[in-house]
Amino acid sequence: MSDSSLRVVWVYPDLLSTYGDQGNVLVVERRARQRGLHVQRVDVRSDQPVPTSGDIYLIGGGEDRPQRLAAERLVRDGGLQRAVDNGAIVFSVCAGYQIIGHEFVNDLGERQAGLGLLDVTSVRGTGERCVGDVLADMDENLRLPQLTGFENHQGVTHVGPGARPLARVRFGRGNGTGDGTEGAWNDTVFGTYMHGPVLARNPQIADLLVKLALDVNALPPVDDRWYEALRAERIAAATQPA
């Protein structure tokens, strides 16, 4: 695969990069380079235009005010929407997950428009904050092993008919709706509440993003011993009683 190249865009690291979410872009880079791919990484700060020529766009979590600022700038910029129209892949976490939906409640208590890239709508939960390790079964259509991650959010996200839940929780709260769902996805856009960073805990998801970007069905195998050790540790932690 040495003749192939991949352009990976990390969106607004100055606003959206909590709980080690920047590790997600590092994992995608490494997993691609292990397959002999040439990777160009582009870090786009919030005062810069979002390029439309990327293959994979990664968006992390953030506090309430940075989330509001990020959403305002992304809507105004329009680059991410145009990239998706061009076939780009998007993977978003927590605040980023809410931003790519239709709307969320911001730090001012106001309903704020998102990008509408994924058919989800988020509100602020009134119960206990969702905090802790999560274990969930991935949507069978994705053919991926169990999802492991760490959630820390007050948001409640409802998945509309234009998207599918990313996973069904065994332990944890996920979308916070009480229906057992976690995250959402459509053909090219993915959202989750999982930190970890989630792609370090679930490298097969990173591989899926690369396969979708390259439009291939499989990638050459790589040494997964480190990742599998981390997965086993975190899955064990999620299943132990508090």
# chains A, B, ... in the order shown; residues from 1 in each chain; ligands from 1
$ select_by_dssp --residues "range 51-114 of chain A" --states "strand (DSSP E or B)" --output "list in words"
Ile56, Tyr57, Leu58, Ile59, Ile89, Val90, Phe91, Ser92, Val93, Glu103, Phe104, Val105, Arg111, Gln112 and Ala113 of chain A
$ select_by_dssp --residues "range 113-203 of chain A" --states "helix (DSSP H, G or I)" --output "PyMOL selection string"
chain A and resi 140-142+198-201+203
$ closest_atom_pairs --of "range 92-148 of chain A" --to "range 81-87 of chain A" --cutoff "12 Å" --atoms "only C-alpha atoms" --output "CSV"
residue,atom,partner,partner_atom,distance
A:Ile99,CA,A:Gln81,CA,11.9
A:Ile100,CA,A:Gln81,CA,9.4
A:Gly101,CA,A:Gln81,CA,11.7
A:Gly114,CA,A:Gln81,CA,10.9
A:Leu115,CA,A:Gln81,CA,7.2
A:Gly116,CA,A:Gln81,CA,8.6
A:Leu117,CA,A:Gln81,CA,7.1
A:Leu118,CA,A:Val84,CA,10.8
$ residues_around --residues "Asp224 in chain A" --least-positions-apart "5" --cutoff "10 Å" --atoms "only C-alpha atoms" --output "mmCIF file with N, CA and C atoms, in the first residue's frame"
data_model
loop_
_atom_site.group_PDB
_atom_site.id
_atom_site.type_symbol
_atom_site.label_atom_id
_atom_site.label_comp_id
_atom_site.auth_asym_id
_atom_site.auth_seq_id
_atom_site.Cartn_x
_atom_site.Cartn_y
_atom_site.Cartn_z
ATOM 1 N N ARG A 31 -1.482 3.714 12.715
ATOM 2 C CA ARG A 31 -2.086 2.542 12.075
ATOM 3 C C ARG A 31 -1.953 2.623 10.553
ATOM 4 N N PRO A 203 -8.513 0.044 18.383
ATOM 5 C CA PRO A 203 -7.781 0.345 17.147
ATOM 6 C C PRO A 203 -8.497 -0.130 15.895
ATOM 7 N N GLN A 204 -9.399 -1.102 16.032
ATOM 8 C CA GLN A 204 -10.133 -1.565 14.855
ATOM 9 C C GLN A 204 -11.030 -0.471 14.279
ATOM 10 N N ALA A 229 -3.630 -5.630 24.963
ATOM 11 C CA ALA A 229 -3.374 -5.603 26.408
ATOM 12 C C ALA A 229 -4.134 -4.460 27.064
#
$ atom_distance --atom1 "CA of Gly61 in chain A" --atom2 "CA of Leu6 in chain A"
23.4 Å
$ closest_residue --among "A:Gly62, A:Pro220, A:Pro51, A:Gly132" --to "Asn152 in chain A" --atoms "only C-alpha atoms"
A:Gly132
$ residues_around --residues "Leu230 in chain A" --least-positions-apart "4" --cutoff "10 Å" --atoms "only C-alpha atoms" --output "compact mmCIF listing (two decimals) with C-alpha atoms, in the first residue's frame"
# COMPACT_ATOMS: atom_id res chain seq x y z
CA THR A 148 -14.47 0.19 25.43
CA ALA A 200 -6.21 3.61 21.38
CA ARG A 201 -8.66 1.37 23.21
CA ASN A 202 -10.37 0.35 19.95
CA ARG A 225 -0.35 -6.89 21.22
CA TRP A 226 -0.08 -3.51 22.95
CA ARG A 234 -10.01 -1.57 30.44
CA ILE A 235 -12.70 -4.15 29.70
CA ALA A 236 -11.87 -5.85 33.00
$ closest_residue --among "A:Leu214, A:Arg173, A:Leu135, A:Thr126" --to "Arg231 in chain A" --atoms "only C-alpha atoms"
A:Leu135
$ closest_residue --among "A:Pro197, A:Pro221, A:Pro165, A:Pro49" --to "Val28 in chain A" --atoms "only C-alpha atoms"
A:Pro197
$ closest_residue --among "A:Leu58, A:Glu29, A:Gly160, A:Tyr19" --to "Ala88 in chain A" --atoms "only C-alpha atoms"
A:Leu58
$ closest_atom_pairs --of "range 35-139 of chain A" --to "range 178-196 of chain A" --cutoff "7 Å" --atoms "only C-alpha atoms" --output "tab-separated table"
residue	atom	partner	partner_atom	distance
A:Ala88	CA	A:Thr188	CA	6.9
A:Ile89	CA	A:Thr188	CA	4.9
A:Val90	CA	A:Val189	CA	4.7
A:Phe91	CA	A:Phe190	CA	4.8
A:Ser92	CA	A:Gly191	CA	4.7
A:Val93	CA	A:Thr192	CA	5.1
A:Cys94	CA	A:Tyr193	CA	4.3
A:Tyr97	CA	A:Gly191	CA	4.7
A:Leu118	CA	A:Val189	CA	6.6
$ write_last_selection --atoms "N, CA, C and O atoms" --output "PDB file, in the first residue's frame"
ATOM      1  N   ALA A  88     -15.520  12.784   2.572  1.00  0.00           N
ATOM      2  CA  ALA A  88     -14.596  12.633   3.692  1.00  0.00           C
ATOM      3  C   ALA A  88     -15.237  11.870   4.846  1.00  0.00           C
ATOM      4  O   ALA A  88     -16.462  11.828   4.994  1.00  0.00           O
ATOM      5  N   ILE A  89     -14.380  11.278   5.688  1.00  0.00           N
ATOM      6  CA  ILE A  89     -14.799  10.543   6.868  1.00  0.00           C
ATOM      7  C   ILE A  89     -14.631  11.456   8.085  1.00  0.00           C
ATOM      8  O   ILE A  89     -13.625  12.160   8.207  1.00  0.00           O
ATOM      9  N   VAL A  90     -15.604  11.438   9.000  1.00  0.00           N
ATOM     10  CA  VAL A  90     -15.537  12.239  10.229  1.00  0.00           C
ATOM     11  C   VAL A  90     -15.706  11.331  11.427  1.00  0.00           C
ATOM     12  O   VAL A  90     -16.619  10.496  11.467  1.00  0.00           O
ATOM     13  N   PHE A  91     -14.810  11.490  12.416  1.00  0.00           N
ATOM     14  CA  PHE A  91     -14.936  10.769  13.682  1.00  0.00           C
ATOM     15  C   PHE A  91     -14.865  11.801  14.802  1.00  0.00           C
ATOM     16  O   PHE A  91     -13.886  12.524  14.933  1.00  0.00           O
ATOM     17  N   SER A  92     -15.926  11.861  15.624  1.00  0.00           N
ATOM     18  CA  SER A  92     -16.051  12.921  16.625  1.00  0.00           C
ATOM     19  C   SER A  92     -16.318  12.333  18.002  1.00  0.00           C
ATOM     20  O   SER A  92     -16.933  11.275  18.136  1.00  0.00           O
ATOM     21  N   VAL A  93     -15.870  13.052  19.021  1.00  0.00           N
ATOM     22  CA  VAL A  93     -15.962  12.586  20.401  1.00  0.00           C
ATOM     23  C   VAL A  93     -16.619  13.644  21.280  1.00  0.00           C
ATOM     24  O   VAL A  93     -16.252  14.822  21.220  1.00  0.00           O
ATOM     25  N   CYS A  94     -17.582  13.241  22.086  1.00  0.00           N
ATOM     26  CA  CYS A  94     -18.187  14.035  23.157  1.00  0.00           C
ATOM     27  C   CYS A  94     -18.701  15.387  22.639  1.00  0.00           C
ATOM     28  O   CYS A  94     -19.679  15.435  21.916  1.00  0.00           O
ATOM     29  N   TYR A  97     -19.029  15.309  19.051  1.00  0.00           N
ATOM     30  CA  TYR A  97     -20.189  14.499  18.667  1.00  0.00           C
ATOM     31  C   TYR A  97     -21.454  15.350  18.669  1.00  0.00           C
ATOM     32  O   TYR A  97     -22.263  15.307  17.732  1.00  0.00           O
ATOM     33  N   LEU A 118     -24.851  14.624  11.191  1.00  0.00           N
ATOM     34  CA  LEU A 118     -25.330  13.368  11.750  1.00  0.00           C
ATOM     35  C   LEU A 118     -26.704  13.633  12.351  1.00  0.00           C
ATOM     36  O   LEU A 118     -26.913  14.661  13.010  1.00  0.00           O
TER      37      LEU A 118
END
$ decode --residues "range 2-48 of chain A" --atoms "N, CA and C atoms" --output "PDB file, in the first residue's frame"
ATOM      1  N   SER A   2       2.142   1.102  -0.310  1.00  0.00           N
ATOM      2  CA  SER A   2       3.074   2.225  -0.182  1.00  0.00           C
ATOM      3  C   SER A   2       2.785   3.356  -1.165  1.00  0.00           C
ATOM      4  N   ASP A   3       2.033   3.071  -2.226  1.00  0.00           N
ATOM      5  CA  ASP A   3       1.712   4.120  -3.188  1.00  0.00           C
ATOM      6  C   ASP A   3       0.516   4.965  -2.753  1.00  0.00           C
ATOM      7  N   SER A   4      -0.168   4.544  -1.698  1.00  0.00           N
ATOM      8  CA  SER A   4      -1.355   5.262  -1.239  1.00  0.00           C
ATOM      9  C   SER A   4      -0.977   6.330  -0.230  1.00  0.00           C
ATOM     10  N   SER A   5      -1.796   7.362  -0.148  1.00  0.00           N
ATOM     11  CA  SER A   5      -1.565   8.438   0.816  1.00  0.00           C
ATOM     12  C   SER A   5      -2.875   8.788   1.494  1.00  0.00           C
ATOM     13  N   LEU A   6      -2.750   9.416   2.657  1.00  0.00           N
ATOM     14  CA  LEU A   6      -3.908   9.731   3.484  1.00  0.00           C
ATOM     15  C   LEU A   6      -3.693  11.103   4.102  1.00  0.00           C
ATOM     16  N   ARG A   7      -4.710  11.946   4.027  1.00  0.00           N
ATOM     17  CA  ARG A   7      -4.635  13.267   4.652  1.00  0.00           C
ATOM     18  C   ARG A   7      -5.567  13.274   5.860  1.00  0.00           C
ATOM     19  N   VAL A   8      -4.983  13.408   7.046  1.00  0.00           N
ATOM     20  CA  VAL A   8      -5.726  13.342   8.304  1.00  0.00           C
ATOM     21  C   VAL A   8      -5.778  14.737   8.915  1.00  0.00           C
ATOM     22  N   VAL A   9      -6.992  15.213   9.200  1.00  0.00           N
ATOM     23  CA  VAL A   9      -7.187  16.577   9.700  1.00  0.00           C
ATOM     24  C   VAL A   9      -7.668  16.526  11.143  1.00  0.00           C
ATOM     25  N   TRP A  10      -6.932  17.173  12.032  1.00  0.00           N
ATOM     26  CA  TRP A  10      -7.306  17.285  13.444  1.00  0.00           C
ATOM     27  C   TRP A  10      -7.939  18.666  13.635  1.00  0.00           C
ATOM     28  N   VAL A  11      -9.235  18.685  13.932  1.00  0.00           N
ATOM     29  CA  VAL A  11     -10.012  19.921  13.923  1.00  0.00           C
ATOM     30  C   VAL A  11      -9.994  20.609  15.286  1.00  0.00           C
ATOM     31  N   TYR A  12      -9.516  21.825  15.311  1.00  0.00           N
ATOM     32  CA  TYR A  12      -9.538  22.723  16.462  1.00  0.00           C
ATOM     33  C   TYR A  12      -8.906  22.115  17.727  1.00  0.00           C
ATOM     34  N   PRO A  13      -7.653  21.711  17.667  1.00  0.00           N
ATOM     35  CA  PRO A  13      -7.000  21.189  18.874  1.00  0.00           C
ATOM     36  C   PRO A  13      -6.898  22.217  19.997  1.00  0.00           C
ATOM     37  N   ASP A  14      -6.991  23.506  19.661  1.00  0.00           N
ATOM     38  CA  ASP A  14      -6.920  24.547  20.686  1.00  0.00           C
ATOM     39  C   ASP A  14      -8.217  24.668  21.477  1.00  0.00           C
ATOM     40  N   LEU A  15      -9.325  24.122  20.961  1.00  0.00           N
ATOM     41  CA  LEU A  15     -10.611  24.198  21.655  1.00  0.00           C
ATOM     42  C   LEU A  15     -11.145  22.824  22.060  1.00  0.00           C
ATOM     43  N   LEU A  16     -10.879  21.826  21.240  1.00  0.00           N
ATOM     44  CA  LEU A  16     -11.522  20.518  21.424  1.00  0.00           C
ATOM     45  C   LEU A  16     -10.455  19.424  21.514  1.00  0.00           C
ATOM     46  N   SER A  17      -9.917  19.250  22.714  1.00  0.00           N
ATOM     47  CA  SER A  17      -8.893  18.212  22.891  1.00  0.00           C
ATOM     48  C   SER A  17      -8.782  17.813  24.353  1.00  0.00           C
ATOM     49  N   THR A  18      -9.905  17.446  24.980  1.00  0.00           N
ATOM     50  CA  THR A  18      -9.880  17.063  26.384  1.00  0.00           C
ATOM     51  C   THR A  18      -9.692  15.555  26.545  1.00  0.00           C
ATOM     52  N   TYR A  19      -9.293  15.154  27.736  1.00  0.00           N
ATOM     53  CA  TYR A  19      -9.186  13.738  28.107  1.00  0.00           C
ATOM     54  C   TYR A  19      -8.347  12.923  27.118  1.00  0.00           C
ATOM     55  N   GLY A  20      -7.297  13.540  26.595  1.00  0.00           N
ATOM     56  CA  GLY A  20      -6.397  12.819  25.715  1.00  0.00           C
ATOM     57  C   GLY A  20      -6.941  12.522  24.336  1.00  0.00           C
ATOM     58  N   ASP A  21      -7.981  13.237  23.899  1.00  0.00           N
ATOM     59  CA  ASP A  21      -8.589  12.932  22.601  1.00  0.00           C
ATOM     60  C   ASP A  21      -7.629  13.129  21.433  1.00  0.00           C
ATOM     61  N   GLN A  22      -6.588  13.942  21.624  1.00  0.00           N
ATOM     62  CA  GLN A  22      -5.620  14.112  20.543  1.00  0.00           C
ATOM     63  C   GLN A  22      -4.915  12.793  20.236  1.00  0.00           C
ATOM     64  N   GLY A  23      -4.954  11.859  21.194  1.00  0.00           N
ATOM     65  CA  GLY A  23      -4.404  10.541  20.934  1.00  0.00           C
ATOM     66  C   GLY A  23      -5.079   9.842  19.776  1.00  0.00           C
ATOM     67  N   ASN A  24      -6.321  10.207  19.469  1.00  0.00           N
ATOM     68  CA  ASN A  24      -7.021   9.572  18.356  1.00  0.00           C
ATOM     69  C   ASN A  24      -6.319   9.819  17.024  1.00  0.00           C
ATOM     70  N   VAL A  25      -5.853  11.045  16.821  1.00  0.00           N
ATOM     71  CA  VAL A  25      -5.173  11.341  15.561  1.00  0.00           C
ATOM     72  C   VAL A  25      -3.827  10.625  15.514  1.00  0.00           C
ATOM     73  N   LEU A  26      -3.173  10.478  16.660  1.00  0.00           N
ATOM     74  CA  LEU A  26      -1.901   9.759  16.696  1.00  0.00           C
ATOM     75  C   LEU A  26      -2.090   8.288  16.332  1.00  0.00           C
ATOM     76  N   VAL A  27      -3.188   7.701  16.815  1.00  0.00           N
ATOM     77  CA  VAL A  27      -3.451   6.297  16.510  1.00  0.00           C
ATOM     78  C   VAL A  27      -3.749   6.110  15.024  1.00  0.00           C
ATOM     79  N   VAL A  28      -4.583   6.970  14.457  1.00  0.00           N
ATOM     80  CA  VAL A  28      -4.875   6.863  13.025  1.00  0.00           C
ATOM     81  C   VAL A  28      -3.595   6.993  12.209  1.00  0.00           C
ATOM     82  N   GLU A  29      -2.758   7.969  12.560  1.00  0.00           N
ATOM     83  CA  GLU A  29      -1.479   8.140  11.869  1.00  0.00           C
ATOM     84  C   GLU A  29      -0.643   6.869  11.925  1.00  0.00           C
ATOM     85  N   ARG A  30      -0.486   6.337  13.124  1.00  0.00           N
ATOM     86  CA  ARG A  30       0.372   5.172  13.303  1.00  0.00           C
ATOM     87  C   ARG A  30      -0.185   3.955  12.577  1.00  0.00           C
ATOM     88  N   ARG A  31      -1.482   3.714  12.715  1.00  0.00           N
ATOM     89  CA  ARG A  31      -2.086   2.542  12.075  1.00  0.00           C
ATOM     90  C   ARG A  31      -1.953   2.623  10.553  1.00  0.00           C
ATOM     91  N   ALA A  32      -2.057   3.808  10.012  1.00  0.00           N
ATOM     92  CA  ALA A  32      -1.903   3.971   8.568  1.00  0.00           C
ATOM     93  C   ALA A  32      -0.450   3.775   8.142  1.00  0.00           C
ATOM     94  N   ARG A  33       0.473   4.362   8.887  1.00  0.00           N
ATOM     95  CA  ARG A  33       1.886   4.250   8.520  1.00  0.00           C
ATOM     96  C   ARG A  33       2.404   2.827   8.686  1.00  0.00           C
ATOM     97  N   GLN A  34       1.843   2.079   9.626  1.00  0.00           N
ATOM     98  CA  GLN A  34       2.235   0.688   9.772  1.00  0.00           C
ATOM     99  C   GLN A  34       1.879  -0.120   8.522  1.00  0.00           C
ATOM    100  N   ARG A  35       0.920   0.370   7.750  1.00  0.00           N
ATOM    101  CA  ARG A  35       0.521  -0.308   6.505  1.00  0.00           C
ATOM    102  C   ARG A  35       1.262   0.267   5.297  1.00  0.00           C
ATOM    103  N   GLY A  36       2.254   1.093   5.546  1.00  0.00           N
ATOM    104  CA  GLY A  36       3.036   1.649   4.449  1.00  0.00           C
ATOM    105  C   GLY A  36       2.419   2.850   3.779  1.00  0.00           C
ATOM    106  N   LEU A  37       1.402   3.424   4.393  1.00  0.00           N
ATOM    107  CA  LEU A  37       0.744   4.586   3.809  1.00  0.00           C
ATOM    108  C   LEU A  37       1.519   5.865   4.124  1.00  0.00           C
ATOM    109  N   HIS A  38       1.542   6.763   3.185  1.00  0.00           N
ATOM    110  CA  HIS A  38       2.074   8.103   3.445  1.00  0.00           C
ATOM    111  C   HIS A  38       0.953   8.927   4.083  1.00  0.00           C
ATOM    112  N   VAL A  39       1.213   9.503   5.249  1.00  0.00           N
ATOM    113  CA  VAL A  39       0.196  10.263   5.977  1.00  0.00           C
ATOM    114  C   VAL A  39       0.607  11.723   6.080  1.00  0.00           C
ATOM    115  N   GLN A  40      -0.277  12.587   5.660  1.00  0.00           N
ATOM    116  CA  GLN A  40      -0.111  14.021   5.888  1.00  0.00           C
ATOM    117  C   GLN A  40      -1.081  14.441   6.977  1.00  0.00           C
ATOM    118  N   ARG A  41      -0.561  14.908   8.091  1.00  0.00           N
ATOM    119  CA  ARG A  41      -1.415  15.363   9.188  1.00  0.00           C
ATOM    120  C   ARG A  41      -1.536  16.877   9.145  1.00  0.00           C
ATOM    121  N   VAL A  42      -2.765  17.356   9.281  1.00  0.00           N
ATOM    122  CA  VAL A  42      -3.035  18.793   9.269  1.00  0.00           C
ATOM    123  C   VAL A  42      -3.772  19.146  10.555  1.00  0.00           C
ATOM    124  N   ASP A  43      -3.144  19.951  11.416  1.00  0.00           N
ATOM    125  CA  ASP A  43      -3.796  20.447  12.625  1.00  0.00           C
ATOM    126  C   ASP A  43      -4.383  21.822  12.320  1.00  0.00           C
ATOM    127  N   VAL A  44      -5.697  21.948  12.441  1.00  0.00           N
ATOM    128  CA  VAL A  44      -6.383  23.192  12.075  1.00  0.00           C
ATOM    129  C   VAL A  44      -6.867  23.887  13.339  1.00  0.00           C
ATOM    130  N   ARG A  45      -6.260  25.005  13.659  1.00  0.00           N
ATOM    131  CA  ARG A  45      -6.700  25.778  14.815  1.00  0.00           C
ATOM    132  C   ARG A  45      -7.988  26.536  14.491  1.00  0.00           C
ATOM    133  N   SER A  46      -8.640  27.022  15.550  1.00  0.00           N
ATOM    134  CA  SER A  46      -9.962  27.625  15.372  1.00  0.00           C
ATOM    135  C   SER A  46      -9.936  28.963  14.644  1.00  0.00           C
ATOM    136  N   ASP A  47      -8.750  29.551  14.452  1.00  0.00           N
ATOM    137  CA  ASP A  47      -8.663  30.788  13.675  1.00  0.00           C
ATOM    138  C   ASP A  47      -8.238  30.519  12.235  1.00  0.00           C
ATOM    139  N   GLN A  48      -8.258  29.227  11.838  1.00  0.00           N
ATOM    140  CA  GLN A  48      -7.857  28.859  10.489  1.00  0.00           C
ATOM    141  C   GLN A  48      -9.024  28.206   9.746  1.00  0.00           C
TER     142      GLN A  48
END
